[in-house]
2 protein chains.
Amino acid sequence: MKLSTRGRYGVKAMFELALHHGGTPVSIKEIAERQNISEYYLEQLFSNLRKAGLVKSIRGAQGGYVLSRPPEEITIADIFNVLEGPIEVSDCITQEMNCSRINYCATRLLWLKISNSINDILNSTTLQDVVNDYNNLQEKTKGKEE
Amino acid sequence: MKLSTRGRYGVKAMFELALHHGGTPVSIKEIAERQNISEYYLEQLFSNLRKAGLVKSIRGAQGGYVLSRPPEEITIADIFNVLEGPIEVSDCITQEMNCSRINYCATRLLWLKISNSINDILNSTTLQDVVNDYNNLQEKTKGKEE
DNA sequence: ACATATCCGAGTAAAATTGTCAATTTTATA
DNA sequence: TATAAAATTGACAATTTTACTCGGATATGT
């Protein structure tokens with residue numbers, strides 16, 4: 001069970017926007033360089049993020065992207081839902097007919113419990129939480145750099 | 001973010017073994033029929049489960065598979081670890097050098113929190129829990145069948 | 001005008017997924 | 001002892017997904 005790069009890159013990119021929230025737009029090029037991600041690939045991700053309403057774009061020179069909402073109102077679940085799709089622990093829920101009746105209920109309940117638990121975590125963590133963690137770490141390592 | 005069929009099929013198969021725990025061995029053919037899974041595909045999964053020590057095989061006629069440990073001592077995490085591999089939310093943890101320093105700490109902490117939370121759920125759910133859920137549902141639906 | 005951006009759709013190589021299959025070995029039982 | 005049931009192993013293959021790459025169009029601050 002793993003996360004694809006879409007979710008990872010997406011969170012990293014959104015984290016960059018969160019750091020600059022309130023300031024000037026951040027371009028894909030900047031993010032791609034800072035996070036070491038393919039510029040063209042990021043374009044696609046931002047296309048999805050924009051259509052989902054998580055970011056706003058400013059076209060033309062000096063343009064870029066900004067968060068549509070403050071970082072504390074954007075959850076990791078929001079980002080994952082757009083870029084990774086919903087958590088599909090099992091298709092048992094949508095394709096009930098394929099399941100033999102004998103196991104249907106027991107395993108379905110398990111998948112439901114697992115996906116609910118995962119969603120709880122993702123829903124309760126916001127971009128602001130990630131920024132706060134980052135700031136705390138910056139504070140702790142202050143003066144320890146070479 | 002989704003689970004592959006390996007994990008799903010594996011849990012379903014192990015659930016069948018849990019139901020028969022203490023009784024006669026269950027063959028791959030039986031499980032494949034009851035759970036509507038490819039017999040040949042299940043072979044591969046059981047090969048992994050056996051090598052990991054989760055099940056024991058009895059070869060020859062009337063043979064099959066049995067759980068190596070009682071159902072309450074086998075967690076969903078045990079099964080997933082064998083069939084899906086460990087939860088890799090990010091390779092940031094193993095390949096630290098690829099991360100630009102500026103984001104390294106913040107997103108790594110996030111991936112760590114997420115994977116820990118998921119592992120907590122999977123570690124705390126045993127095959128016996130799934131069997132209990134199944135029995136409870138059987139109880140509730142008693143007499144309601146057509 | 002021009003450089004800097006987003007926007008959009010198409011294509012693509014590599015990897016992972018989800019199987020299938022054939023041949024062999026083991027063993028309970030008739 | 002012969003037979004059938006069943007695990008064991010390793011190879012192969014179709015399909016899908018992933019992770020990009022690219023070309024051009026459109027928009028806009030300077």
# chains A, B, ... in the order shown; residues from 1 in each chain; ligands from 1
$ interface_residues --of "chain A" --to "chain D" --cutoff "12 Å" --atoms "only C-alpha atoms (C1' of nucleotides)" --output "PDB file with C-alpha atoms, in the first residue's frame"
ATOM      1  CA  LEU A   3       1.021   6.668  -2.153  1.00  0.00           C
ATOM      2  CA  SER A   4       1.762   7.746  -5.709  1.00  0.00           C
ATOM      3  CA  THR A   5       3.892  10.754  -6.516  1.00  0.00           C
ATOM      4  CA  ARG A   6       0.762  12.717  -7.353  1.00  0.00           C
ATOM      5  CA  TYR A   9       4.097  16.190  -5.057  1.00  0.00           C
ATOM      6  CA  ILE A  37       9.812  18.038  -9.356  1.00  0.00           C
ATOM      7  CA  SER A  38       9.258  17.974 -13.121  1.00  0.00           C
ATOM      8  CA  GLU A  39       7.762  21.263 -14.238  1.00  0.00           C
ATOM      9  CA  TYR A  40       5.552  19.669 -16.880  1.00  0.00           C
ATOM     10  CA  TYR A  41       4.282  17.060 -14.483  1.00  0.00           C
ATOM     11  CA  LEU A  42       3.415  19.713 -11.911  1.00  0.00           C
ATOM     12  CA  GLU A  43       1.356  21.527 -14.538  1.00  0.00           C
ATOM     13  CA  GLN A  44      -1.010  18.607 -14.713  1.00  0.00           C
ATOM     14  CA  LEU A  45      -1.357  18.420 -10.963  1.00  0.00           C
ATOM     15  CA  SER A  57      -4.271  30.923 -10.936  1.00  0.00           C
ATOM     16  CA  ILE A  58      -2.975  34.284 -12.063  1.00  0.00           C
ATOM     17  CA  ARG A  59      -1.981  34.123 -15.695  1.00  0.00           C
ATOM     18  CA  GLY A  60       0.681  36.096 -17.490  1.00  0.00           C
ATOM     19  CA  ALA A  61       4.012  37.491 -16.372  1.00  0.00           C
ATOM     20  CA  GLN A  62       4.545  37.614 -12.613  1.00  0.00           C
ATOM     21  CA  GLY A  63       1.644  35.230 -12.353  1.00  0.00           C
ATOM     22  CA  GLY A  64       1.425  31.882 -10.629  1.00  0.00           C
ATOM     23  CA  GLU A  84      -5.149  10.360  -5.669  1.00  0.00           C
TER      24      GLU A  84
END
$ select_by_dssp --residues "range 56-139 of chain B" --states "alpha helix (DSSP H)" --output "PyMOL selection string"
chain B and resi 76-83+101-124+127-139
$ closest_atom_pairs --of "chain C" --to "chain A" --cutoff "10 Å" --atoms "only C-alpha atoms (C1' of nucleotides)" --output "Markdown table"
| residue | atom | partner | partner_atom | distance |
| --- | --- | --- | --- | --- |
| C:DA3 | C1' | A:Ala61 | CA | 7.4 |
| C:DT4 | C1' | A:Ala61 | CA | 4.1 |
| C:DA5 | C1' | A:Gly60 | CA | 4.3 |
| C:DT6 | C1' | A:Arg59 | CA | 5.0 |
| C:DC7 | C1' | A:Ser47 | CA | 8.1 |
| C:DC8 | C1' | A:Ser47 | CA | 9.3 |
$ write_last_selection --atoms "N, CA, C and O atoms (P, O5', C5', C4', C3', O3' and C1' of nucleotides)" --output "mmCIF file, in the first residue's frame"
data_model
loop_
_atom_site.group_PDB
_atom_site.id
_atom_site.type_symbol
_atom_site.label_atom_id
_atom_site.label_comp_id
_atom_site.auth_asym_id
_atom_site.auth_seq_id
_atom_site.Cartn_x
_atom_site.Cartn_y
_atom_site.Cartn_z
ATOM 1 P P DA C 3 11.903 38.409 -25.570
ATOM 2 O "O5'" DA C 3 12.031 37.944 -24.047
ATOM 3 C "C5'" DA C 3 12.194 38.947 -23.044
ATOM 4 C "C4'" DA C 3 11.314 38.618 -21.851
ATOM 5 C "C3'" DA C 3 11.413 37.171 -21.375
ATOM 6 O "O3'" DA C 3 11.597 37.179 -19.965
ATOM 7 C "C1'" DA C 3 9.144 37.740 -21.733
ATOM 8 P P DT C 4 11.873 35.806 -19.200
ATOM 9 O "O5'" DT C 4 10.485 35.562 -18.476
ATOM 10 C "C5'" DT C 4 9.875 36.636 -17.765
ATOM 11 C "C4'" DT C 4 8.452 36.267 -17.390
ATOM 12 C "C3'" DT C 4 8.298 34.850 -16.792
ATOM 13 O "O3'" DT C 4 7.567 34.968 -15.591
ATOM 14 C "C1'" DT C 4 6.715 35.212 -18.503
ATOM 15 P P DA C 5 7.830 33.933 -14.370
ATOM 16 O "O5'" DA C 5 6.397 33.299 -14.158
ATOM 17 C "C5'" DA C 5 5.915 32.341 -15.083
ATOM 18 C "C4'" DA C 5 4.419 32.491 -15.207
ATOM 19 C "C3'" DA C 5 3.747 31.124 -15.314
ATOM 20 O "O3'" DA C 5 3.085 30.822 -14.111
ATOM 21 C "C1'" DA C 5 3.130 32.535 -17.153
ATOM 22 P P DT C 6 2.725 29.271 -13.871
ATOM 23 O "O5'" DT C 6 1.239 29.193 -14.483
ATOM 24 C "C5'" DT C 6 0.242 30.085 -14.013
ATOM 25 C "C4'" DT C 6 -0.892 30.189 -15.039
ATOM 26 C "C3'" DT C 6 -1.756 28.935 -15.154
ATOM 27 O "O3'" DT C 6 -3.124 29.335 -15.281
ATOM 28 C "C1'" DT C 6 -0.874 29.475 -17.265
ATOM 29 P P DC C 7 -4.262 28.254 -15.232
ATOM 30 O "O5'" DC C 7 -4.338 27.702 -16.725
ATOM 31 C "C5'" DC C 7 -5.087 28.444 -17.688
ATOM 32 C "C4'" DC C 7 -5.168 27.662 -18.987
ATOM 33 C "C3'" DC C 7 -5.767 26.248 -18.864
ATOM 34 O "O3'" DC C 7 -6.840 26.155 -19.775
ATOM 35 C "C1'" DC C 7 -3.762 26.235 -20.137
ATOM 36 P P DC C 8 -7.962 25.059 -19.547
ATOM 37 O "O5'" DC C 8 -7.634 23.978 -20.650
ATOM 38 C "C5'" DC C 8 -7.423 24.410 -21.990
ATOM 39 C "C4'" DC C 8 -6.747 23.311 -22.784
ATOM 40 C "C3'" DC C 8 -7.115 21.887 -22.349
ATOM 41 O "O3'" DC C 8 -7.755 21.261 -23.444
ATOM 42 C "C1'" DC C 8 -4.790 22.105 -22.788
#
$ closest_residue --among "B:Met14, B:Ile31, B:Ile79, B:Ile87" --to "chain A" --atoms "only C-alpha atoms"
B:Ile87
$ atom_distance --atom1 "CA of Ser90 in chain A" --atom2 "CA of Asn116 in chain A"
12.3 Å
$ closest_atom_pairs --of "chain B" --to "chain A" --cutoff "8 Å" --atoms "only C-alpha atoms" --output "tab-separated table"
residue	atom	partner	partner_atom	distance
B:Met1	CA	A:Ile87	CA	5.2
B:Lys2	CA	A:Glu88	CA	4.7
B:Leu3	CA	A:Val89	CA	5.0
B:Ser4	CA	A:Met1	CA	7.3
B:Arg8	CA	A:Ser90	CA	7.1
B:Val11	CA	A:Thr107	CA	8.0
B:Lys12	CA	A:Thr107	CA	6.9
B:Arg34	CA	A:Ser100	CA	6.8
B:Gln35	CA	A:Ser100	CA	6.1
B:Asn36	CA	A:Ser100	CA	7.1
B:Phe80	CA	A:Met1	CA	7.9
B:Glu84	CA	A:Met1	CA	5.5
B:Gly85	CA	A:Met1	CA	6.7
B:Pro86	CA	A:Met1	CA	6.9
B:Ile87	CA	A:Met1	CA	5.2
B:Glu88	CA	A:Lys2	CA	4.8
B:Val89	CA	A:Leu3	CA	5.0
B:Ser90	CA	A:Leu3	CA	6.9
B:Cys99	CA	A:Gln35	CA	7.2
B:Ser100	CA	A:Gln35	CA	6.2
B:Ile102	CA	A:Arg34	CA	8.0
B:Asn103	CA	A:Gln35	CA	7.6
B:Cys105	CA	A:Tyr134	CA	6.6
B:Ala106	CA	A:Tyr134	CA	4.6
B:Thr107	CA	A:Lys12	CA	7.0
B:Leu109	CA	A:Asp133	CA	7.7
B:Leu110	CA	A:Val130	CA	6.9
B:Ile114	CA	A:Ile121	CA	7.0
B:Ser117	CA	A:Ile121	CA	7.3
B:Ile118	CA	A:Ile118	CA	6.3
B:Ile121	CA	A:Ile114	CA	7.0
B:Leu122	CA	A:Ile114	CA	7.6
B:Val130	CA	A:Ala106	CA	6.1
B:Val131	CA	A:Ala106	CA	7.2
B:Asp133	CA	A:Ala106	CA	5.9
B:Tyr134	CA	A:Ala106	CA	4.6
B:Leu137	CA	A:Cys105	CA	7.2
$ select_by_dssp --residues "range 24-113 of chain B" --states "strand (DSSP E or B)" --output "MDAnalysis selection string"
chainID B and resid 26 55:58 64:67 75 88
$ write_last_selection --atoms "all heavy atoms" --output "mmCIF file, in the first residue's frame"
data_model
loop_
_atom_site.group_PDB
_atom_site.id
_atom_site.type_symbol
_atom_site.label_atom_id
_atom_site.label_comp_id
_atom_site.auth_asym_id
_atom_site.auth_seq_id
_atom_site.Cartn_x
_atom_site.Cartn_y
_atom_site.Cartn_z
ATOM 1 N N VAL B 26 -7.856 -26.169 4.710
ATOM 2 C CA VAL B 26 -8.688 -25.667 3.617
ATOM 3 C C VAL B 26 -7.821 -25.550 2.371
ATOM 4 O O VAL B 26 -6.725 -24.993 2.416
ATOM 5 C CB VAL B 26 -9.281 -24.287 3.966
ATOM 6 C CG1 VAL B 26 -10.307 -23.878 2.920
ATOM 7 C CG2 VAL B 26 -9.902 -24.299 5.358
ATOM 8 N N VAL B 55 0.896 -18.921 7.523
ATOM 9 C CA VAL B 55 0.100 -20.138 7.347
ATOM 10 C C VAL B 55 1.039 -21.341 7.240
ATOM 11 O O VAL B 55 2.217 -21.201 6.928
ATOM 12 C CB VAL B 55 -0.790 -20.071 6.078
ATOM 13 C CG1 VAL B 55 -1.766 -18.925 6.147
ATOM 14 C CG2 VAL B 55 0.081 -19.963 4.832
ATOM 15 N N LYS B 56 0.473 -22.499 7.511
ATOM 16 C CA LYS B 56 1.211 -23.736 7.316
ATOM 17 C C LYS B 56 0.507 -24.543 6.238
ATOM 18 O O LYS B 56 -0.716 -24.500 6.118
ATOM 19 C CB LYS B 56 1.266 -24.539 8.622
ATOM 20 C CG LYS B 56 2.404 -24.127 9.540
ATOM 21 C CD LYS B 56 2.518 -25.036 10.748
ATOM 22 C CE LYS B 56 1.384 -24.788 11.738
ATOM 23 N NZ LYS B 56 1.638 -25.420 13.054
ATOM 24 N N SER B 57 1.286 -25.261 5.442
ATOM 25 C CA SER B 57 0.688 -26.042 4.356
ATOM 26 C C SER B 57 0.747 -27.519 4.695
ATOM 27 O O SER B 57 1.693 -27.999 5.322
ATOM 28 C CB SER B 57 1.425 -25.773 3.045
ATOM 29 O OG SER B 57 2.761 -26.222 3.141
ATOM 30 N N ILE B 58 -0.280 -28.221 4.276
ATOM 31 C CA ILE B 58 -0.281 -29.677 4.361
ATOM 32 C C ILE B 58 -0.435 -30.195 2.924
ATOM 33 O O ILE B 58 -1.466 -29.982 2.290
ATOM 34 C CB ILE B 58 -1.431 -30.200 5.246
ATOM 35 C CG1 ILE B 58 -1.190 -29.801 6.692
ATOM 36 C CG2 ILE B 58 -1.531 -31.713 5.148
ATOM 37 C CD1 ILE B 58 -1.980 -28.609 7.149
ATOM 38 N N GLY B 64 -4.048 -28.853 2.394
ATOM 39 C CA GLY B 64 -4.530 -27.483 2.292
ATOM 40 C C GLY B 64 -3.712 -26.574 3.178
ATOM 41 O O GLY B 64 -2.534 -26.844 3.435
ATOM 42 N N TYR B 65 -4.344 -25.531 3.654
ATOM 43 C CA TYR B 65 -3.636 -24.577 4.506
ATOM 44 C C TYR B 65 -4.359 -24.376 5.832
ATOM 45 O O TYR B 65 -5.590 -24.488 5.915
ATOM 46 C CB TYR B 65 -3.505 -23.216 3.799
ATOM 47 C CG TYR B 65 -2.552 -23.248 2.625
ATOM 48 C CD1 TYR B 65 -3.016 -23.507 1.341
ATOM 49 C CD2 TYR B 65 -1.194 -22.999 2.809
ATOM 50 C CE1 TYR B 65 -2.138 -23.523 0.256
ATOM 51 C CE2 TYR B 65 -0.316 -23.015 1.729
ATOM 52 C CZ TYR B 65 -0.791 -23.281 0.464
ATOM 53 O OH TYR B 65 0.078 -23.296 -0.590
ATOM 54 N N VAL B 66 -3.577 -24.109 6.864
ATOM 55 C CA VAL B 66 -4.127 -23.728 8.171
ATOM 56 C C VAL B 66 -3.335 -22.524 8.683
ATOM 57 O O VAL B 66 -2.200 -22.290 8.258
ATOM 58 C CB VAL B 66 -4.020 -24.877 9.199
ATOM 59 C CG1 VAL B 66 -4.898 -26.046 8.800
ATOM 60 C CG2 VAL B 66 -2.565 -25.318 9.348
ATOM 61 N N LEU B 67 -3.956 -21.792 9.592
ATOM 62 C CA LEU B 67 -3.256 -20.659 10.202
ATOM 63 C C LEU B 67 -2.120 -21.163 11.082
ATOM 64 O O LEU B 67 -2.264 -22.187 11.766
ATOM 65 C CB LEU B 67 -4.225 -19.833 11.059
ATOM 66 C CG LEU B 67 -5.399 -19.155 10.345
ATOM 67 C CD1 LEU B 67 -6.246 -18.381 11.346
ATOM 68 C CD2 LEU B 67 -4.916 -18.238 9.238
ATOM 69 N N THR B 75 -2.700 -10.130 12.801
ATOM 70 C CA THR B 75 -3.311 -8.831 12.525
ATOM 71 C C THR B 75 -3.428 -8.593 11.027
ATOM 72 O O THR B 75 -2.770 -9.255 10.220
ATOM 73 C CB THR B 75 -2.470 -7.693 13.131
ATOM 74 O OG1 THR B 75 -1.212 -7.640 12.449
ATOM 75 C CG2 THR B 75 -2.236 -7.910 14.611
ATOM 76 N N GLU B 88 4.354 2.576 2.301
ATOM 77 C CA GLU B 88 5.317 3.586 1.884
ATOM 78 C C GLU B 88 4.577 4.834 1.461
ATOM 79 O O GLU B 88 4.222 4.988 0.302
ATOM 80 C CB GLU B 88 6.160 3.072 0.728
ATOM 81 C CG GLU B 88 7.212 2.065 1.146
ATOM 82 C CD GLU B 88 7.963 1.529 -0.051
ATOM 83 O OE1 GLU B 88 8.031 2.234 -1.060
ATOM 84 O OE2 GLU B 88 8.457 0.404 0.035
#
$ decode --residues "range 4-60 of chain A" --atoms "C-alpha atoms" --output "CSV table (one decimal), in the first residue's frame"
chain,number,residue,atom,x,y,z
A,4,SER,CA,1.8,7.7,-5.7
A,5,THR,CA,3.9,10.8,-6.5
A,6,ARG,CA,0.8,12.7,-7.4
A,7,GLY,CA,-0.3,13.0,-3.7
A,8,ARG,CA,3.3,13.6,-2.5
A,9,TYR,CA,4.1,16.2,-5.1
A,10,GLY,CA,0.7,17.8,-4.6
A,11,VAL,CA,1.2,18.2,-0.8
A,12,LYS,CA,4.7,19.5,-1.3
A,13,ALA,CA,3.5,22.1,-3.8
A,14,MET,CA,0.6,23.1,-1.7
A,15,PHE,CA,3.0,23.4,1.2
A,16,GLU,CA,5.0,25.9,-0.8
A,17,LEU,CA,1.9,27.9,-1.5
A,18,ALA,CA,1.0,27.8,2.2
A,19,LEU,CA,4.4,29.3,3.1
A,20,HIS,CA,3.8,32.2,0.7
A,21,HIS,CA,0.1,32.6,1.6
A,22,GLY,CA,-0.8,36.3,1.6
A,23,GLY,CA,2.2,37.2,-0.6
A,24,THR,CA,2.8,37.1,-4.3
A,25,PRO,CA,1.7,34.2,-6.5
A,26,VAL,CA,4.2,31.4,-6.8
A,27,SER,CA,4.9,30.0,-10.3
A,28,ILE,CA,5.1,26.3,-11.2
A,29,LYS,CA,8.7,26.9,-12.2
A,30,GLU,CA,9.7,28.1,-8.7
A,31,ILE,CA,8.0,25.2,-7.0
A,32,ALA,CA,9.5,22.7,-9.5
A,33,GLU,CA,12.9,24.0,-8.7
A,34,ARG,CA,12.5,24.2,-4.9
A,35,GLN,CA,11.0,20.7,-4.6
A,36,ASN,CA,12.9,19.1,-7.4
A,37,ILE,CA,9.8,18.0,-9.4
A,38,SER,CA,9.3,18.0,-13.1
A,39,GLU,CA,7.8,21.3,-14.2
A,40,TYR,CA,5.6,19.7,-16.9
A,41,TYR,CA,4.3,17.1,-14.5
A,42,LEU,CA,3.4,19.7,-11.9
A,43,GLU,CA,1.4,21.5,-14.5
A,44,GLN,CA,-1.0,18.6,-14.7
A,45,LEU,CA,-1.4,18.4,-11.0
A,46,PHE,CA,-2.1,22.1,-10.7
A,47,SER,CA,-4.7,21.8,-13.4
A,48,ASN,CA,-6.5,19.3,-11.3
A,49,LEU,CA,-6.1,21.4,-8.1
A,50,ARG,CA,-7.4,24.5,-9.8
A,51,LYS,CA,-10.4,22.7,-11.3
A,52,ALA,CA,-11.2,21.4,-7.8
A,53,GLY,CA,-11.1,24.9,-6.5
A,54,LEU,CA,-8.1,24.4,-4.1
A,55,VAL,CA,-5.9,27.0,-5.8
A,56,LYS,CA,-6.4,30.1,-7.9
A,57,SER,CA,-4.3,30.9,-10.9
A,58,ILE,CA,-3.0,34.3,-12.1
A,59,ARG,CA,-2.0,34.1,-15.7
A,60,GLY,CA,0.7,36.1,-17.5
